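Engineer: The following file, upload02.cif, comprises mmCIF, C-alpha atoms and all ligand atoms:
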data_entry
#
loop_
_atom_site.label_atom_id
_atom_site.label_comp_id
_atom_site.auth_asym_id
_atom_site.auth_seq_id
_atom_site.Cartn_x
_atom_site.Cartn_y
_atom_site.Cartn_z
CA MET G 13 -77.78 115.98 -43.59
CA GLY G 14 -81.24 117.50 -43.32
CA GLU G 15 -81.69 118.89 -39.83
CA LEU G 16 -84.44 121.45 -39.97
CA GLU G 17 -85.27 123.96 -37.25
CA ILE G 18 -88.28 126.23 -37.17
CA GLN G 19 -87.36 128.90 -34.65
CA ASN G 20 -89.94 131.25 -33.10
CA LEU G 21 -91.81 131.36 -36.39
CA THR G 22 -94.57 133.97 -36.52
CA LYS G 23 -96.60 134.94 -39.56
CA VAL G 24 -99.14 137.74 -39.43
CA PHE G 25 -101.35 138.57 -42.43
CA GLN G 26 -103.19 141.85 -42.72
CA ASP G 27 -106.70 142.06 -44.09
CA ASP G 28 -109.61 144.52 -43.81
CA GLY G 29 -110.62 143.11 -40.43
CA GLY G 30 -107.11 143.66 -38.98
CA ASP G 31 -104.24 141.29 -38.21
CA ILE G 32 -104.55 137.55 -38.70
CA ILE G 33 -101.96 135.65 -36.71
CA ALA G 34 -101.60 132.54 -38.87
CA VAL G 35 -98.57 131.14 -37.03
CA ASP G 36 -97.75 132.16 -33.48
CA ASP G 37 -94.18 131.73 -32.17
CA LEU G 38 -93.73 128.17 -33.38
CA ASP G 39 -90.62 126.16 -32.44
CA ILE G 40 -89.95 122.74 -33.97
CA GLU G 41 -86.69 120.79 -34.31
CA ILE G 42 -86.76 118.09 -36.95
CA LYS G 43 -84.04 115.44 -37.02
CA ASP G 44 -82.30 114.31 -40.17
CA GLY G 45 -84.47 111.75 -41.96
CA GLU G 46 -87.48 112.28 -39.72
CA LEU G 47 -91.06 112.37 -41.06
CA ILE G 48 -92.97 115.04 -39.18
CA VAL G 49 -96.67 115.54 -39.81
CA LEU G 50 -98.23 118.94 -39.10
CA VAL G 51 -101.87 118.39 -38.29
CA GLY G 52 -104.75 120.53 -37.09
CA PRO G 53 -108.14 121.87 -38.13
CA SER G 54 -108.68 124.07 -41.17
CA GLY G 55 -107.08 127.48 -40.74
CA CYS G 56 -104.71 126.47 -37.91
CA GLY G 57 -101.62 127.59 -39.83
CA LYS G 58 -100.27 124.32 -41.27
CA SER G 59 -99.84 125.46 -44.87
CA THR G 60 -98.50 128.85 -43.84
CA THR G 61 -95.83 127.13 -41.72
CA LEU G 62 -94.87 124.90 -44.64
CA ARG G 63 -94.81 127.83 -47.06
CA CYS G 64 -92.55 129.81 -44.71
CA VAL G 65 -90.17 126.82 -44.50
CA GLY G 66 -90.13 126.52 -48.29
CA GLY G 67 -89.69 130.26 -48.83
CA LEU G 68 -93.06 130.88 -50.49
CA GLU G 69 -94.02 133.20 -47.60
CA SER G 70 -91.74 135.52 -45.63
CA PRO G 71 -92.03 135.09 -41.87
CA THR G 72 -93.05 138.15 -39.85
CA ASP G 73 -90.63 136.93 -37.22
CA GLY G 74 -88.39 133.94 -36.54
CA ASP G 75 -86.02 131.80 -38.57
CA ILE G 76 -85.85 128.69 -40.70
CA VAL G 77 -82.54 126.92 -40.12
CA LEU G 78 -81.26 124.06 -42.27
CA ASP G 79 -78.20 122.18 -41.03
CA GLY G 80 -77.23 125.04 -38.76
CA THR G 81 -77.56 127.80 -41.40
CA ALA G 82 -80.46 130.26 -41.45
CA VAL G 83 -82.15 130.08 -44.87
CA THR G 84 -84.94 132.51 -43.92
CA ASP G 85 -83.89 135.11 -46.49
CA GLN G 86 -82.98 132.68 -49.26
CA LYS G 87 -85.14 132.33 -52.36
CA PRO G 88 -87.12 129.03 -52.56
CA LYS G 89 -84.97 127.52 -55.27
CA LYS G 90 -81.78 128.23 -53.31
CA ARG G 91 -83.09 126.19 -50.38
CA ASP G 92 -82.32 122.52 -50.71
CA MET G 93 -86.01 121.60 -50.41
CA ALA G 94 -88.60 120.17 -52.79
CA MET G 95 -92.33 120.73 -52.44
CA VAL G 96 -95.24 118.44 -53.36
CA PHE G 97 -98.67 120.08 -53.49
CA GLN G 98 -102.22 118.79 -53.20
CA SER G 99 -102.93 120.10 -56.70
CA TYR G 100 -99.86 118.28 -58.15
CA ALA G 101 -98.99 121.53 -60.03
CA LEU G 102 -97.72 119.71 -63.13
CA TYR G 103 -97.20 121.73 -66.31
CA PRO G 104 -100.04 120.60 -68.63
CA HIS G 105 -98.09 121.07 -71.89
CA MET G 106 -95.14 118.95 -70.72
CA THR G 107 -94.81 115.17 -70.61
CA SER G 108 -94.14 113.45 -67.29
CA ARG G 109 -90.47 113.20 -68.28
CA GLU G 110 -90.29 116.94 -69.05
CA ASN G 111 -92.11 117.79 -65.83
CA MET G 112 -89.62 115.74 -63.83
CA GLU G 113 -86.62 117.16 -65.70
CA PHE G 114 -87.75 120.76 -65.49
CA GLY G 115 -86.76 121.56 -61.91
CA LEU G 116 -83.38 119.93 -62.33
CA LYS G 117 -82.67 121.90 -65.51
CA MET G 118 -83.68 125.16 -63.83
CA ALA G 119 -81.98 124.73 -60.47
CA THR G 120 -78.83 122.76 -61.33
CA ASP G 121 -76.22 122.56 -64.08
CA LEU G 122 -76.20 118.78 -64.14
CA PRO G 123 -75.25 117.27 -67.51
CA LYS G 124 -78.12 116.02 -69.70
CA ASP G 125 -77.15 112.37 -69.25
CA GLU G 126 -77.24 112.65 -65.47
CA ILE G 127 -80.66 114.33 -65.59
CA ARG G 128 -81.97 111.62 -67.90
CA SER G 129 -80.73 108.79 -65.73
CA ARG G 130 -82.03 110.37 -62.51
CA VAL G 131 -85.50 110.76 -64.04
CA GLU G 132 -85.51 107.19 -65.36
CA ASP G 133 -84.26 105.71 -62.07
CA THR G 134 -86.92 107.63 -60.15
CA ALA G 135 -89.66 106.60 -62.58
CA GLU G 136 -88.55 102.99 -62.07
CA MET G 137 -88.67 103.41 -58.28
CA LEU G 138 -92.20 104.83 -58.50
CA GLY G 139 -93.37 102.18 -60.99
CA ILE G 140 -94.18 104.72 -63.70
CA PRO G 141 -91.65 104.25 -66.54
CA GLU G 142 -94.52 103.74 -69.01
CA LEU G 143 -95.96 107.13 -68.10
CA LEU G 144 -92.87 109.16 -68.93
CA GLU G 145 -93.96 110.21 -72.42
CA LYS G 146 -97.57 111.01 -71.39
CA LYS G 147 -98.97 114.44 -70.58
CA PRO G 148 -100.88 115.13 -67.32
CA GLU G 149 -104.30 115.09 -69.06
CA GLU G 150 -103.66 111.46 -70.04
CA LEU G 151 -102.98 110.44 -66.42
CA SER G 152 -105.28 109.50 -63.53
CA GLY G 153 -105.08 111.44 -60.25
CA GLY G 154 -102.91 108.76 -58.65
CA GLN G 155 -100.55 108.72 -61.64
CA GLN G 156 -100.26 112.51 -61.62
CA GLN G 157 -99.44 112.38 -57.93
CA ARG G 158 -96.64 109.88 -58.62
CA VAL G 159 -95.18 112.17 -61.29
CA ALA G 160 -95.37 115.11 -58.87
CA LEU G 161 -93.56 113.01 -56.27
CA GLY G 162 -91.01 111.97 -58.88
CA ARG G 163 -90.36 115.60 -59.70
CA ALA G 164 -89.51 116.23 -56.04
CA ILE G 165 -87.41 113.05 -55.66
CA VAL G 166 -85.15 113.67 -58.71
CA ARG G 167 -83.93 116.85 -57.08
CA GLU G 168 -82.41 114.77 -54.25
CA PRO G 169 -83.19 117.52 -51.76
CA GLU G 170 -82.33 117.70 -48.06
CA VAL G 171 -86.00 118.24 -47.22
CA PHE G 172 -89.36 117.29 -48.72
CA LEU G 173 -92.27 119.64 -48.01
CA MET G 174 -95.63 118.03 -48.69
CA ASP G 175 -98.93 119.91 -48.50
CA GLU G 176 -101.89 117.47 -48.35
CA PRO G 177 -100.39 115.47 -51.24
CA LEU G 178 -103.01 112.70 -51.03
CA SER G 179 -106.18 114.75 -50.54
CA ASN G 180 -107.35 114.57 -54.15
CA LEU G 181 -107.23 110.78 -54.31
CA ASP G 182 -110.14 108.44 -53.62
CA ALA G 183 -110.17 106.65 -50.26
CA LYS G 184 -108.68 103.34 -51.43
CA LEU G 185 -105.86 104.89 -53.44
CA ARG G 186 -105.18 107.28 -50.63
CA THR G 187 -104.58 104.41 -48.21
CA GLU G 188 -102.33 102.65 -50.73
CA MET G 189 -100.33 105.80 -51.49
CA ARG G 190 -100.00 106.52 -47.76
CA THR G 191 -98.11 103.26 -47.24
CA GLU G 192 -96.11 103.71 -50.42
CA LEU G 193 -95.09 107.23 -49.55
CA GLN G 194 -94.07 106.25 -46.06
CA LYS G 195 -91.88 103.41 -47.37
CA LEU G 196 -90.35 105.68 -49.99
CA GLN G 197 -89.52 108.28 -47.37
CA GLN G 198 -87.87 105.64 -45.19
CA ASP G 199 -85.86 104.25 -48.10
CA LEU G 200 -84.71 107.68 -49.21
CA GLY G 201 -84.15 108.89 -45.64
CA VAL G 202 -85.05 112.46 -46.58
CA THR G 203 -86.29 114.76 -43.81
CA THR G 204 -89.97 115.37 -44.52
CA LEU G 205 -92.45 117.95 -43.29
CA TYR G 206 -95.95 116.78 -44.23
CA VAL G 207 -99.15 118.76 -43.82
CA THR G 208 -102.57 117.18 -43.46
CA HIS G 209 -105.86 117.80 -41.68
CA ASP G 210 -106.43 114.04 -41.60
CA GLN G 211 -105.47 112.69 -38.20
CA THR G 212 -105.40 109.09 -39.50
CA GLU G 213 -102.70 110.10 -41.96
CA ALA G 214 -100.83 111.80 -39.12
CA MET G 215 -101.09 108.74 -36.85
CA THR G 216 -100.11 106.17 -39.45
CA MET G 217 -97.32 107.94 -41.31
CA SER G 218 -95.38 110.09 -38.92
CA ASP G 219 -92.36 109.60 -36.70
CA ARG G 220 -93.70 112.53 -34.71
CA ILE G 221 -96.87 114.59 -34.95
CA VAL G 222 -97.04 118.35 -34.48
CA VAL G 223 -100.56 119.41 -33.48
CA LEU G 224 -101.48 123.04 -34.18
CA ASN G 225 -104.55 125.08 -33.28
CA ASP G 226 -105.08 128.78 -34.02
CA GLY G 227 -101.45 129.09 -35.11
CA GLU G 228 -100.20 127.79 -31.76
CA LEU G 229 -98.31 124.62 -31.00
CA GLN G 230 -100.41 122.22 -28.93
CA GLN G 231 -98.10 119.19 -28.75
CA ILE G 232 -95.13 117.53 -30.46
CA GLY G 233 -94.93 113.80 -29.87
CA THR G 234 -94.97 110.32 -31.33
CA PRO G 235 -98.40 109.20 -32.56
CA LEU G 236 -98.93 107.06 -29.46
CA GLU G 237 -97.85 109.86 -27.11
CA CYS G 238 -100.34 112.23 -28.71
CA TYR G 239 -103.05 109.57 -28.58
CA HIS G 240 -102.54 108.24 -25.05
CA GLU G 241 -100.76 111.13 -23.35
CA PRO G 242 -102.31 114.28 -24.82
CA GLU G 243 -101.01 117.46 -23.23
CA ASN G 244 -104.42 119.09 -23.36
CA LYS G 245 -108.07 118.60 -24.19
CA PHE G 246 -107.65 119.95 -27.72
CA VAL G 247 -105.11 117.25 -28.66
CA ALA G 248 -107.18 114.60 -26.86
CA GLY G 249 -110.23 115.56 -28.91
CA PHE G 250 -108.47 116.04 -32.24
CA ILE G 251 -106.40 112.85 -32.34
CA GLY G 252 -108.48 109.68 -32.50
CA SER G 253 -111.67 108.74 -34.32
CA PRO G 254 -114.31 108.47 -32.94
CA SER G 255 -113.15 111.23 -30.60
CA MET G 256 -112.52 110.99 -26.90
CA ASN G 257 -115.68 111.49 -24.79
CA PHE G 258 -115.64 114.50 -22.47
CA PHE G 259 -117.82 114.93 -19.36
CA ASP G 260 -118.12 118.20 -17.43
CA VAL G 261 -117.68 117.28 -13.77
CA GLU G 262 -117.26 118.90 -10.37
CA LEU G 263 -115.04 117.67 -7.60
CA ASP G 264 -116.86 116.81 -4.38
CA THR G 265 -114.73 116.11 -1.31
CA SER G 266 -117.55 116.29 1.24
CA GLY G 267 -118.21 112.53 1.36
CA ASP G 268 -116.08 109.52 2.22
CA GLY G 269 -113.61 110.10 -0.56
CA PRO G 270 -113.06 112.47 -3.51
CA THR G 271 -115.74 112.08 -6.19
CA LEU G 272 -116.29 113.63 -9.63
CA VAL G 273 -119.93 114.56 -9.99
CA HIS G 274 -121.56 114.69 -13.42
CA GLU G 275 -125.23 115.42 -14.11
CA GLY G 276 -125.76 111.75 -14.93
CA PHE G 277 -123.39 109.88 -12.61
CA LYS G 278 -120.83 110.02 -9.81
CA TYR G 279 -117.29 108.74 -10.21
CA ASP G 280 -115.28 107.91 -7.07
CA LEU G 281 -111.66 108.83 -7.57
CA GLN G 282 -108.60 106.80 -6.80
CA GLU G 283 -106.11 108.46 -4.43
CA GLU G 284 -103.46 108.78 -7.15
CA VAL G 285 -105.87 110.48 -9.56
CA TYR G 286 -106.99 112.84 -6.81
CA ALA G 287 -103.35 113.66 -6.04
CA ASP G 288 -102.88 114.80 -9.68
CA ILE G 289 -105.91 117.09 -9.78
CA LYS G 290 -105.88 118.45 -6.21
CA GLY G 291 -105.29 122.21 -6.07
CA HIS G 292 -106.67 122.84 -9.57
CA GLY G 293 -110.08 124.08 -8.44
CA GLU G 294 -113.36 122.22 -8.55
CA ARG G 295 -114.32 122.05 -12.20
CA PHE G 296 -112.77 119.44 -14.45
CA THR G 297 -113.37 117.52 -17.66
CA LEU G 298 -113.34 113.76 -17.38
CA GLY G 299 -112.18 112.11 -20.62
CA ILE G 300 -112.38 108.53 -21.83
CA ARG G 301 -111.80 107.07 -25.27
CA PRO G 302 -114.72 105.09 -26.79
CA GLU G 303 -112.71 101.84 -26.84
CA ASP G 304 -111.85 102.20 -23.14
CA ILE G 305 -115.50 102.14 -22.06
CA LYS G 306 -116.42 98.67 -20.77
CA LEU G 307 -119.72 96.94 -20.09
CA ALA G 308 -120.57 96.51 -16.41
CA THR G 309 -123.20 95.14 -14.08
CA ALA G 310 -125.46 97.62 -12.29
CA ASP G 311 -123.98 96.86 -8.85
CA GLU G 312 -120.37 97.41 -9.94
CA HIS G 313 -118.44 100.28 -8.40
CA ASN G 314 -118.61 103.47 -10.54
CA ALA G 315 -121.13 101.87 -12.95
CA VAL G 316 -123.01 104.33 -15.19
CA THR G 317 -126.48 103.64 -16.55
CA THR G 318 -127.10 104.85 -20.10
CA THR G 319 -129.54 104.50 -22.98
CA VAL G 320 -128.51 103.27 -26.42
CA GLU G 321 -129.47 105.90 -29.00
CA VAL G 322 -127.92 104.59 -32.20
CA THR G 323 -125.61 101.71 -33.12
CA GLU G 324 -123.22 101.54 -36.05
CA PRO G 325 -122.00 97.96 -36.58
CA LEU G 326 -118.74 97.86 -38.54
CA GLY G 327 -118.29 94.11 -38.19
CA GLU G 328 -115.06 94.10 -36.23
CA VAL G 329 -116.45 96.59 -33.69
CA THR G 330 -119.73 98.40 -33.13
CA TYR G 331 -119.93 102.11 -32.36
CA VAL G 332 -122.65 102.59 -29.80
CA TYR G 333 -123.99 106.11 -29.26
CA LEU G 334 -125.15 106.41 -25.67
CA GLU G 335 -127.18 109.06 -23.93
CA ILE G 336 -126.18 110.18 -20.47
CA ALA G 337 -128.05 113.19 -19.00
CA ASP G 338 -129.29 114.31 -22.44
CA GLN G 339 -125.84 114.27 -24.05
CA GLN G 340 -124.48 111.80 -26.54
CA TYR G 341 -121.30 109.79 -26.00
CA THR G 342 -119.65 107.00 -27.96
CA ALA G 343 -118.51 103.56 -26.88
CA THR G 344 -116.70 101.12 -29.15
CA LEU G 345 -117.85 97.62 -28.28
CA GLU G 346 -117.02 94.22 -29.71
CA GLY G 347 -118.59 93.67 -33.10
CA ASP G 348 -120.19 90.29 -32.44
CA MET G 349 -122.71 91.58 -29.89
CA VAL G 350 -126.19 92.59 -30.97
CA ILE G 351 -127.11 95.78 -29.12
CA GLU G 352 -130.60 97.11 -29.67
CA THR G 353 -131.42 100.76 -29.95
CA GLY G 354 -133.42 102.09 -26.99
CA ARG G 355 -132.15 99.55 -24.47
CA THR G 356 -130.46 100.43 -21.19
CA LEU G 357 -126.77 99.67 -20.97
CA THR G 358 -124.58 99.78 -17.89
CA ILE G 359 -121.01 100.77 -18.48
CA ARG G 360 -117.90 101.63 -16.51
CA PHE G 361 -114.81 103.73 -17.05
CA PRO G 362 -111.80 101.66 -15.90
CA LYS G 363 -109.71 103.67 -13.46
CA ASP G 364 -106.46 103.26 -15.40
CA ARG G 365 -108.08 104.53 -18.63
CA ILE G 366 -109.48 107.88 -17.59
CA HIS G 367 -108.07 111.33 -18.39
CA VAL G 368 -108.79 114.45 -16.34
CA PHE G 369 -108.39 117.95 -17.77
CA ASP G 370 -108.52 121.33 -16.07
CA ALA G 371 -111.92 122.77 -17.11
CA GLU G 372 -110.51 126.32 -17.47
CA THR G 373 -107.22 125.76 -19.27
CA GLY G 374 -107.80 122.35 -20.87
CA GLU G 375 -104.43 121.18 -19.50
CA ALA G 376 -104.19 117.41 -19.01
CA LEU G 377 -103.74 116.83 -15.28
CA ARG G 378 -104.03 113.07 -15.49
CA ASN G 379 -103.63 110.75 -18.47
CA ARG G 380 -104.43 107.07 -18.74
CA SER G 381 -101.60 104.72 -17.86
CA ARG G 382 -99.60 102.93 -20.54
CA PRO G 383 -97.59 99.73 -20.24
CA ASP G 384 -93.86 100.40 -19.98
CA ASP G 385 -91.17 98.37 -21.80
CA GLU G 386 -90.87 95.91 -18.91
CA ASP G 387 -94.62 95.26 -18.89
CA ILE G 388 -94.60 94.66 -22.64
CA GLU G 389 -91.62 92.28 -22.36
CA SER G 390 -93.23 90.27 -19.59
CA LEU G 391 -96.58 90.11 -21.36
CA THR G 392 -95.45 89.28 -24.85
CA GLY G 393 -91.85 88.12 -24.82
CA LEU G 394 -91.10 91.06 -27.13
CA GLN G 395 -87.81 92.74 -26.38
CA SER G 396 -87.10 96.40 -26.90
CA ALA G 397 -84.10 97.18 -29.13
CA ASP G 398 -82.11 98.36 -26.07
CA SER G 399 -82.68 95.31 -23.92
CA ALA G 400 -82.16 92.94 -26.85
CA GLN G 401 -78.74 94.58 -27.36
CA ALA G 402 -77.98 94.34 -23.64
CA SER G 403 -78.78 90.63 -23.54
CA VAL G 404 -76.45 90.02 -26.52
CA GLU G 405 -73.65 91.82 -24.66
P1 LIG G 501 -106.34 124.42 -44.41
O1 LIG G 501 -106.27 123.04 -43.83
O2 LIG G 501 -107.76 124.91 -44.55
O3 LIG G 501 -105.52 124.60 -45.64
P2 LIG G 501 -104.27 125.62 -42.77
O4 LIG G 501 -104.13 125.05 -41.40
O5 LIG G 501 -103.28 125.19 -43.77
O6 LIG G 501 -105.74 125.43 -43.29
P3 LIG G 501 -103.43 128.29 -43.38
O7 LIG G 501 -103.76 128.18 -44.83
O8 LIG G 501 -102.01 128.26 -42.99
O9 LIG G 501 -104.21 127.18 -42.55
O10 LIG G 501 -104.10 129.64 -42.83
C1 LIG G 501 -103.93 130.09 -41.49
C2 LIG G 501 -104.70 131.39 -41.31
O11 LIG G 501 -104.09 132.41 -42.09
C3 LIG G 501 -106.15 131.32 -41.76
O12 LIG G 501 -106.91 132.12 -40.90
C4 LIG G 501 -106.11 131.92 -43.15
O13 LIG G 501 -107.34 132.51 -43.48
C5 LIG G 501 -105.02 132.97 -43.00
N1 LIG G 501 -104.29 133.22 -44.28
C6 LIG G 501 -103.56 132.33 -44.98
N2 LIG G 501 -103.02 132.91 -46.06
C7 LIG G 501 -103.43 134.20 -46.05
C8 LIG G 501 -103.22 135.33 -46.91
N3 LIG G 501 -102.44 135.24 -47.97
N4 LIG G 501 -103.80 136.50 -46.57
C9 LIG G 501 -104.57 136.62 -45.46
N5 LIG G 501 -104.82 135.60 -44.61
C10 LIG G 501 -104.26 134.41 -44.89
#
How would this structure read if it were set down as structure tokens?
Ligand code: ATP
Structural biologist:
Amino acid sequence: MGELEIQNLTKVFQDDGGDIIAVDDLDIEIKDGELIVLVGPSGCGKSTTLRCVGGLESPTDGDIVLDGTAVTDQKPKKRDMAMVFQSYALYPHMTSRENMEFGLKMATDLPKDEIRSRVEDTAEMLGIPELLEKKPEELSGGQQQRVALGRAIVREPEVFLMDEPLSNLDAKLRTEMRTELQKLQQDLGVTTLYVTHDQTEAMTMSDRIVVLNDGELQQIGTPLECYHEPENKFVAGFIGSPSMNFFDVELDTSGDGPTLVHEGFKYDLQEEVYADIKGHGERFTLGIRPEDIKLATADEHNAVTTTVEVTEPLGEVTYVYLEIADQQYTATLEGDMVIETGRTLTIRFPKDRIHVFDAETGEALRNRSRPDDEDIESLTGLQSADSAQASVE
């Protein structure tokens, strides 16, 4: 079992300028076998959280609980956890085999034969048997990272702790290793806490994402929940690339119906959207993801007229940077259209795709709608695991 709980974790560092609250009352429950990615901007407290879980930092407050037992005061090597670092941290004078054996020799009293066979089985699994007798200086970055992973895997821990393990690899290798690591984690079924500042890594690898900012929890959710149902403007802006567009708007209820007024356009609100934001003052942020912006004709309801500033054709799609009231926004349009810089473009924000945030608190008051299981079944013939089971019974 590897059920990990981070309970009310707080870590305060002192420096000349005073207290630095690196982690602020963080609560996370991680299920056995789950891959959780901690993500957030530089300095948000990701590594400090991981180091507190692994025992490399002592929490100022709170507990780390593994399978129901608090391990907060245990030394790192007593915790049944193995860490993989960005820097690989291999011993330069040891071969890959010795590096992989080292932790096992130090932390366990396993017989030599068992250690040998664990190392060789793991090297086989990682496709690196031919590297076992080589020293780190003879290995490429990707090979060193595999050895570092192997060193963690041979320990057969309850929990893997990974701190930006792919950051030193080039883009192509990074993508390959991402898939490999994810598959390995699924095969081994080891609970994993993974730190990255790369939201693509977080989206593609995790069972659930934990978004942090300034040491505070912003949201815990599946990748698609964080993407489509962000709890606040910070998560909405951090997850997704290019980022969600945000428009400062004011609510006007003096006309025929409720309208959001921006410097460059007016947006008539649907009753159900108005119901969600009513009572939260007059200032809001209207959000829409670039791929949710659609082309429109000038006479369409809620159409917005813009100017094309820059286009970035990627082939499959084109990022179009649009100017509305002197500010730049992004739309992702189909890649086969030629869109000239400087031309006027009319766009619309479909009503089921908009997000509205409280301008003061950033809280999401309204998120875009998502198809539910029934919609997906009727559209695609795909059955959810639950309903497939029910139809068998
Ligand atoms: P990055 O992605 O840049 O590694 P991070 O999210 O992992 O950032 P942390 O390294 O956990 O962030 O740091 C959180 C905050 O705590 C930062 O403000 C950092 O400067 C501060 N901090 C971290 N370690 C120490 C330390 N040993 N002494 C003082 N301040 C520290």
Engineer: Can you list, as JSON, numbers by chain, every protein, DNA or RNA residue that comes within 12 Å of Phe296 in chain G when you count all atoms listed in the file, leaving out same-chain residues fewer than 2 positions away?
Structural biologist: {"G": [245, 258, 259, 260, 261, 262, 263, 264, 271, 272, 273, 274, 286, 288, 289, 290, 291, 292, 293, 294, 298, 299, 367, 368, 369, 370, 371, 372, 373, 374, 375, 376, 377, 378]}
Engineer: Counting all atoms listed in the file, name the residues that have an atom within 12 Å of an atom of ligand LIG 501 (chain G); the answer should be given as a ChimeraX atom specification.
Structural biologist: /G:22-36,50-64,68-71,97-98,174-177,179,206-211,222-229
Engineer: Find the spatial neighbours of Met106 in chain G, counting only C-alpha atoms, within a cut-off of 8 Å - ignore same-chain residues fewer than 3 positions away - and output them as a CSV table (one decimal) with C-alpha atoms, in the coordinates of the input.
Structural biologist:
chain,number,residue,atom,x,y,z
G,103,TYR,CA,-97.2,121.7,-66.3
G,109,ARG,CA,-90.5,113.2,-68.3
G,110,GLU,CA,-90.3,116.9,-69.0
G,111,ASN,CA,-92.1,117.8,-65.8
G,147,LYS,CA,-99.0,114.4,-70.6
G,148,PRO,CA,-100.9,115.1,-67.3
Engineer: Between G:Met349, G:Ile42, G:Met256, G:Leu102, which residue has the minimum interatomic distance to Glu324 in chain G, considering all atoms listed in the file?
Structural biologist: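 Smallest distance to Glu324 in chain G is found for G:Met349.
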Engineer: Once 3 Å is added on each side, what are the centre and the three edge lengths, in Å to one decimal, of the axis-aligned box enclosing the listed atoms of range 20-30 of chain G? Present them as JSON.
Structural biologist:
{"center_x": -100.3, "center_y": 137.9, "center_z": -38.6, "size_x": 26.7, "size_y": 19.3, "size_z": 17.0}
Engineer: Go ahead and compute the interatomic distance for CA of Asp39 in chain G and CA of Val96 in chain G, in Å to one decimal.
Structural biologist: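 Computed distance, CA of Asp39 in chain G to CA of Val96 in chain G, equals 22.8 Å.
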Engineer: Suppose you want the space between CA of Asp125 in chain G and CA of Gly139 in chain G; what is it in Å?
Structural biologist: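 If I compute the distance from CA of Asp125 in chain G to CA of Gly139 in chain G, I get 20.9 Å.
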Engineer: Up to 12 Å from (-103.8, 114.3, -56.7) in the file's coordinates: name the residues, counting only C-alpha atoms, as an MDAnalysis selection string.
Structural biologist: chainID G and resid 96:102 148 151:161 175:183 185:186 189
Engineer: Expressed in Å to a single decimal, how great is the separation between CA of Met215 in chain G and CA of Gly45 in chain G?
Structural biologist: 17.6 Å
Engineer: For Val350 in chain G, find every residue with an atom within 10 Å (counting only C-alpha atoms), except residues of its own chain fewer than 2 positions away, and show them as number ranges by chain.
Structural biologist: G: 323, 325, 330, 346-348, 352-353
Engineer: Counting all atoms listed in the file, figure out which residue out of G:Leu281, G:Leu236, G:Ala287, G:Met217 gets nearest to Leu193 in chain G.
Structural biologist: G:Met217
Engineer: I need the residue nearest Ser253 in chain G from this list: G:Glu213, G:Asp268, G:Glu136, G:Glu284. Use all atoms listed in the file for the distance.
Structural biologist: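 Closest residue, counting all atoms listed in the file: G:Glu213.
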Engineer: Skip Cys238 in chain G itself and residues of its chain fewer than 6 positions away, then list as JSON, numbers by chain all residues within 12 Å of it, counting only C-alpha atoms.
Structural biologist: {"G": [51, 211, 214, 215, 218, 219, 220, 221, 222, 223, 230, 231, 232, 244, 245, 246, 247, 248, 249, 250, 251, 252, 376, 379, 380]}
Engineer: Quick one: write out the picked residues with C-alpha atoms as a PDB file, in the coordinates of the input?
Structural biologist:
ATOM      1  CA  VAL G  51    -101.870 118.390 -38.290  1.00  0.00           C
ATOM      2  CA  GLN G 211    -105.470 112.690 -38.200  1.00  0.00           C
ATOM      3  CA  ALA G 214    -100.830 111.800 -39.120  1.00  0.00           C
ATOM      4  CA  MET G 215    -101.090 108.740 -36.850  1.00  0.00           C
ATOM      5  CA  SER G 218     -95.380 110.090 -38.920  1.00  0.00           C
ATOM      6  CA  ASP G 219     -92.360 109.600 -36.700  1.00  0.00           C
ATOM      7  CA  ARG G 220     -93.700 112.530 -34.710  1.00  0.00           C
ATOM      8  CA  ILE G 221     -96.870 114.590 -34.950  1.00  0.00           C
ATOM      9  CA  VAL G 222     -97.040 118.350 -34.480  1.00  0.00           C
ATOM     10  CA  VAL G 223    -100.560 119.410 -33.480  1.00  0.00           C
ATOM     11  CA  GLN G 230    -100.410 122.220 -28.930  1.00  0.00           C
ATOM     12  CA  GLN G 231     -98.100 119.190 -28.750  1.00  0.00           C
ATOM     13  CA  ILE G 232     -95.130 117.530 -30.460  1.00  0.00           C
ATOM     14  CA  ASN G 244    -104.420 119.090 -23.360  1.00  0.00           C
ATOM     15  CA  LYS G 245    -108.070 118.600 -24.190  1.00  0.00           C
ATOM     16  CA  PHE G 246    -107.650 119.950 -27.720  1.00  0.00           C
ATOM     17  CA  VAL G 247    -105.110 117.250 -28.660  1.00  0.00           C
ATOM     18  CA  ALA G 248    -107.180 114.600 -26.860  1.00  0.00           C
ATOM     19  CA  GLY G 249    -110.230 115.560 -28.910  1.00  0.00           C
ATOM     20  CA  PHE G 250    -108.470 116.040 -32.240  1.00  0.00           C
ATOM     21  CA  ILE G 251    -106.400 112.850 -32.340  1.00  0.00           C
ATOM     22  CA  GLY G 252    -108.480 109.680 -32.500  1.00  0.00           C
ATOM     23  CA  ALA G 376    -104.190 117.410 -19.010  1.00  0.00           C
ATOM     24  CA  ASN G 379    -103.630 110.750 -18.470  1.00  0.00           C
ATOM     25  CA  ARG G 380    -104.430 107.070 -18.740  1.00  0.00           C
TER      26      ARG G 380
END
Engineer: Env of Pro169 in chain G: 9 Å cut, atoms = all atoms listed in the file, seq-sep filter 6 positions within chain, self excluded. Answer as a tab-separated table (two decimals) with C-alpha atoms, keeping the file's coordinate frame.
Structural biologist:
chain	number	residue	atom	x	y	z
G	14	GLY	CA	-81.24	117.50	-43.32
G	91	ARG	CA	-83.09	126.19	-50.38
G	92	ASP	CA	-82.32	122.52	-50.71
G	93	MET	CA	-86.01	121.60	-50.41
G	94	ALA	CA	-88.60	120.17	-52.79
G	202	VAL	CA	-85.05	112.46	-46.58
G	203	THR	CA	-86.29	114.76	-43.81
